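Novice: Just passing along the structure, written as structure tokens.
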Amino acid sequence: SVILALRHLCNVDAPAIIDSPLTTGGDLRFCQKCSCFKPPRAHHCRVCKRCILRMDHHCNWINNCVGHANYKVFFVFVVYAVIACIYSLILLVGSLTNDSQNDKQHSADTFRVAYVISGLLLVPLSVALSVLLGWHIYLILQNKTTIEQYHEGVRAMWLAEKGGTVYKHPYDIGAYENLTTVLGPSIFCWICPFSRHIGNGLRFRTAYDRVSTSSTSK
């Protein structure tokens with residue numbers, strides 16, 4: 001599963017950006033570098049030299065952009081990596097404890113040094129990956145991307161405070177709905193490295209859809 005997720009992350013290409021502004025679900029912006037219109041939540045990647053649908057960030061570790069086409073696979077890959085690190089730490093501590101109790105052989109010191117070196121590598125890696133996982137769990141619950149959180153979100157919050165209002169992310173439709181939007185409708189498939197539910201990436205549900213639907217029903 002880990003290898004399958006990694007292959008999908010490195011090989012998947014972002015869908016082509018349309019060159020017509022006639023699209024529902026938000027105002028299109030014009031990309032000066034690609035010379036075409038880009039739908040909402042799409043951004044131009046300077047490394048990949050193209051616009052990426054629902055771009056989150058460019059990941060140097062997989063040499064690819066993380067966006068609409070592979071975000072769930074990236075998230076699941078990080079989950080697998082955190083589980084693997086924690087499992088390795090448990091095995092490492094267990095082996096170190098067992099060798100300390102049976103320290104009758106001369107080679108035990110050599111193994112103990114190897115355990116310490118492995119622990120020095122595993123602990124910071126586990127902490128870093130856990131922080132990364134926690135960050136993306138927060139983003140999924142808010143239905144945000146890293147770009148929307150750091151760049152667009154800060155400016156939107158400033159404009160809202162300046163206008164005397166409270167900023168609410170337009171794509172935040174509730175924690176559970178946000179989870180199903182990114183990970184899929186079935187909870188049993190949330191940790192599976194495939195994403196057949198994501199759609200074309202040109203239109204996304206917003207909080208305003210609920211308001212318009214409720215006002216229409218009334």
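Each chain in the structure tokens gets a letter, A, B and so on, in the order shown; residues start at 1 in every chain, and ligands are counted from 1 in the order they appear.
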Give me the residues within 10 Å of region 55-57 of chain A as number ranges by chain, counting only C-alpha atoms and dropping any in the same chain fewer than 6 places off.
Specialist: A: 14, 41-45, 64-71, 139, 144-149
Novice: Report as a list in words all protein, DNA and RNA residues lying within 12 Å of Ser130 (chain A), evaluated on only C-alpha atoms, omitting residues in the same chain fewer than 2 positions from it.
Specialist: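 After dropping sequence-adjacent residues, the list is Phe75, Val78, Val79, Tyr80, Ala81, Val82, Ile83, Ala84, Cys85, Ile86, Leu122, Val123, Pro124, Leu125, Ser126, Val127, Ala128, Leu132, Leu133, Gly134, Trp135, His136 and Ile137 of chain A.
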Novice: Tell me, as a list of chain:residue names, which residues lie within 9 Å of Gly174 (chain A), counting only C-alpha atoms; anything in the same chain fewer than 2 positions away does not count.
Specialist: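 Contacts, with the query itself left out: A:Leu141, A:Gln142, A:Asn143, A:Asp172, A:Tyr176, A:Glu177, A:Asn178, A:Leu179, A:Ala207.
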Novice: Next, write the just-selected residues to a file, as an mmCIF file, in the first residue's frame, keeping C-alpha atoms as the atom set.
Specialist:
data_model
loop_
_atom_site.group_PDB
_atom_site.id
_atom_site.type_symbol
_atom_site.label_atom_id
_atom_site.label_comp_id
_atom_site.auth_asym_id
_atom_site.auth_seq_id
_atom_site.Cartn_x
_atom_site.Cartn_y
_atom_site.Cartn_z
ATOM 1 C CA LEU A 141 -11.322 19.590 8.778
ATOM 2 C CA GLN A 142 -11.357 23.212 7.585
ATOM 3 C CA ASN A 143 -11.405 22.233 3.885
ATOM 4 C CA ASP A 172 -15.834 25.083 4.894
ATOM 5 C CA TYR A 176 -17.732 15.703 8.443
ATOM 6 C CA GLU A 177 -18.634 17.075 5.020
ATOM 7 C CA ASN A 178 -15.098 18.367 4.653
ATOM 8 C CA LEU A 179 -13.722 14.931 5.506
ATOM 9 C CA ALA A 207 -21.010 27.249 2.386
#
Novice: What's around Val93 (chain A) at 12 Å? Count only C-alpha atoms, leave out sequence neighbours fewer than 2 positions away in its own chain, and write the answer as an NGL selection string.
Specialist: :A and (86-91 or 95-100 or 112 or 115-116 or 118-119 or 122-123)
Novice: Please dump the current selection as an mmCIF file, in the first residue's frame; keep N, CA, C and O atoms.
Specialist:
data_model
loop_
_atom_site.group_PDB
_atom_site.id
_atom_site.type_symbol
_atom_site.label_atom_id
_atom_site.label_comp_id
_atom_site.auth_asym_id
_atom_site.auth_seq_id
_atom_site.Cartn_x
_atom_site.Cartn_y
_atom_site.Cartn_z
ATOM 1 N N ILE A 86 6.156 4.924 14.202
ATOM 2 C CA ILE A 86 5.771 4.555 15.571
ATOM 3 C C ILE A 86 5.991 3.066 15.802
ATOM 4 O O ILE A 86 6.505 2.646 16.855
ATOM 5 N N TYR A 87 5.634 2.256 14.816
ATOM 6 C CA TYR A 87 5.836 0.808 14.926
ATOM 7 C C TYR A 87 7.324 0.478 15.036
ATOM 8 O O TYR A 87 7.730 -0.384 15.839
ATOM 9 N N SER A 88 8.151 1.169 14.265
ATOM 10 C CA SER A 88 9.597 0.942 14.323
ATOM 11 C C SER A 88 10.165 1.341 15.683
ATOM 12 O O SER A 88 11.057 0.662 16.217
ATOM 13 N N LEU A 89 9.655 2.438 16.236
ATOM 14 C CA LEU A 89 10.117 2.854 17.563
ATOM 15 C C LEU A 89 9.748 1.836 18.632
ATOM 16 O O LEU A 89 10.547 1.550 19.540
ATOM 17 N N ILE A 90 8.547 1.282 18.531
ATOM 18 C CA ILE A 90 8.130 0.256 19.503
ATOM 19 C C ILE A 90 9.029 -0.964 19.412
ATOM 20 O O ILE A 90 9.484 -1.516 20.429
ATOM 21 N N LEU A 91 9.315 -1.411 18.186
ATOM 22 C CA LEU A 91 10.218 -2.555 18.007
ATOM 23 C C LEU A 91 11.616 -2.246 18.513
ATOM 24 O O LEU A 91 12.286 -3.109 19.105
ATOM 25 N N SER A 95 13.427 -4.255 21.482
ATOM 26 C CA SER A 95 14.689 -4.966 21.245
ATOM 27 C C SER A 95 15.775 -4.479 22.190
ATOM 28 O O SER A 95 16.573 -5.272 22.708
ATOM 29 N N LEU A 96 15.822 -3.171 22.440
ATOM 30 C CA LEU A 96 16.827 -2.622 23.353
ATOM 31 C C LEU A 96 16.614 -3.120 24.776
ATOM 32 O O LEU A 96 17.574 -3.471 25.478
ATOM 33 N N THR A 97 15.363 -3.204 25.205
ATOM 34 C CA THR A 97 15.060 -3.709 26.550
ATOM 35 C C THR A 97 15.410 -5.186 26.677
ATOM 36 O O THR A 97 15.985 -5.616 27.680
ATOM 37 N N ASN A 98 15.092 -5.953 25.643
ATOM 38 C CA ASN A 98 15.369 -7.385 25.678
ATOM 39 C C ASN A 98 16.865 -7.671 25.687
ATOM 40 O O ASN A 98 17.344 -8.547 26.409
ATOM 41 N N ASP A 99 17.632 -6.900 24.908
ATOM 42 C CA ASP A 99 19.078 -7.111 24.881
ATOM 43 C C ASP A 99 19.732 -6.681 26.180
ATOM 44 O O ASP A 99 20.749 -7.247 26.591
ATOM 45 N N SER A 100 19.158 -5.675 26.845
ATOM 46 C CA SER A 100 19.723 -5.223 28.124
ATOM 47 C C SER A 100 19.532 -6.281 29.206
ATOM 48 O O SER A 100 20.390 -6.461 30.074
ATOM 49 N N ARG A 112 23.591 -2.384 20.663
ATOM 50 C CA ARG A 112 23.061 -1.256 21.421
ATOM 51 C C ARG A 112 23.422 0.070 20.741
ATOM 52 O O ARG A 112 22.612 1.000 20.693
ATOM 53 N N TYR A 115 21.110 0.508 17.899
ATOM 54 C CA TYR A 115 19.785 0.899 18.365
ATOM 55 C C TYR A 115 19.734 2.399 18.681
ATOM 56 O O TYR A 115 18.753 3.084 18.365
ATOM 57 N N VAL A 116 20.784 2.893 19.328
ATOM 58 C CA VAL A 116 20.814 4.313 19.690
ATOM 59 C C VAL A 116 20.832 5.186 18.437
ATOM 60 O O VAL A 116 20.116 6.194 18.345
ATOM 61 N N SER A 118 19.713 4.369 15.462
ATOM 62 C CA SER A 118 18.390 4.261 14.836
ATOM 63 C C SER A 118 17.363 5.115 15.567
ATOM 64 O O SER A 118 16.511 5.757 14.942
ATOM 65 N N GLY A 119 17.454 5.124 16.909
ATOM 66 C CA GLY A 119 16.531 5.939 17.680
ATOM 67 C C GLY A 119 16.725 7.420 17.429
ATOM 68 O O GLY A 119 15.754 8.181 17.346
ATOM 69 N N LEU A 122 14.986 7.987 14.178
ATOM 70 C CA LEU A 122 13.544 7.747 14.163
ATOM 71 C C LEU A 122 12.752 8.781 14.961
ATOM 72 O O LEU A 122 11.663 9.179 14.537
ATOM 73 N N VAL A 123 13.278 9.208 16.092
ATOM 74 C CA VAL A 123 12.520 10.124 16.955
ATOM 75 C C VAL A 123 12.230 11.460 16.249
ATOM 76 O O VAL A 123 11.062 11.877 16.174
#
Novice: DSSP on the backbone: what in region 100-190 of chain A comes out alpha helix (DSSP H), as a ChimeraX atom specification?
Specialist: /A:100-101,108-142,146-147,153-162,175-183
Novice: For region 165-168 of chain A, find every residue with an atom within 10 Å (counting only C-alpha atoms), except residues of its own chain fewer than 6 positions away, and show them as a PyMOL selection string.
Specialist: chain A and resi 142+153-154+156-159+207
Novice: Store the residues of this selection in a file with N, CA and C atoms, as a compact mmCIF listing (two decimals), in the first residue's frame.
Specialist:
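See out_39.txt below for the written result:
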# COMPACT_ATOMS: atom_id res chain seq x y z
N GLN A 142 -10.96 21.87 7.98
CA GLN A 142 -11.36 23.21 7.59
C GLN A 142 -11.60 23.32 6.08
N GLY A 153 -5.85 33.22 3.09
CA GLY A 153 -6.61 33.30 4.33
C GLY A 153 -6.22 34.48 5.19
N VAL A 154 -4.91 34.76 5.27
CA VAL A 154 -4.45 35.89 6.09
C VAL A 154 -4.98 37.20 5.54
N ALA A 156 -7.67 37.59 3.61
CA ALA A 156 -9.12 37.61 3.75
C ALA A 156 -9.53 37.96 5.19
N MET A 157 -8.80 37.42 6.17
CA MET A 157 -9.10 37.75 7.56
C MET A 157 -8.84 39.22 7.85
N TRP A 158 -7.78 39.76 7.26
CA TRP A 158 -7.47 41.17 7.46
C TRP A 158 -8.54 42.06 6.86
N LEU A 159 -9.01 41.71 5.66
CA LEU A 159 -10.06 42.49 5.02
C LEU A 159 -11.37 42.39 5.79
N ALA A 207 -20.03 27.00 1.33
CA ALA A 207 -21.01 27.25 2.39
C ALA A 207 -22.19 28.05 1.86
Novice: Using DSSP on the backbone coordinates, identify all residues within region 9-217 of chain A classified as strand (DSSP E); present the result as a list of chain:residue names.
Specialist: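 Secondary structure check on region 9-217 of chain A, strand (DSSP E): A:Arg29, A:Phe30, A:Cys31, A:Cys36, A:Phe37, A:Lys38, A:His43, A:His44, A:Cys45, A:Arg50, A:Cys51, A:Ile52, A:His57, A:His58, A:Cys59, A:Asn64, A:Cys65, A:Val66.
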Novice: Return the single residue from A:Cys31, A:Ile62, A:Ala160, A:Val73 that is closest to Arg196 (chain A), with distances computed using only C-alpha atoms.
Specialist: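 Between A:Cys31, A:Ile62, A:Ala160, A:Val73, the residue approaching Arg196 (chain A) most closely is A:Val73.
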Novice: Would you list the contacts of Gly184 (chain A) as a ChimeraX atom specification, taking every protein, DNA or RNA residue within 9 Å and counting only C-alpha atoms, but skipping same-chain residues closer than 3 positions in sequence?
Specialist: /A:72,179-181,187,189-190,195-198
Novice: Could you work out how far CA of Pro170 (chain A) lies from CA of Arg205 (chain A), giving the answer in Å with one decimal?
Specialist: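 Computed distance, CA of Arg205 (chain A) to CA of Pro170 (chain A), equals 8.8 Å.
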Novice: Enter the distance from CA of Ile140 (chain A) to CA of Lys162 (chain A), in Å, rounded to one decimal.
Specialist: 27.3 Å
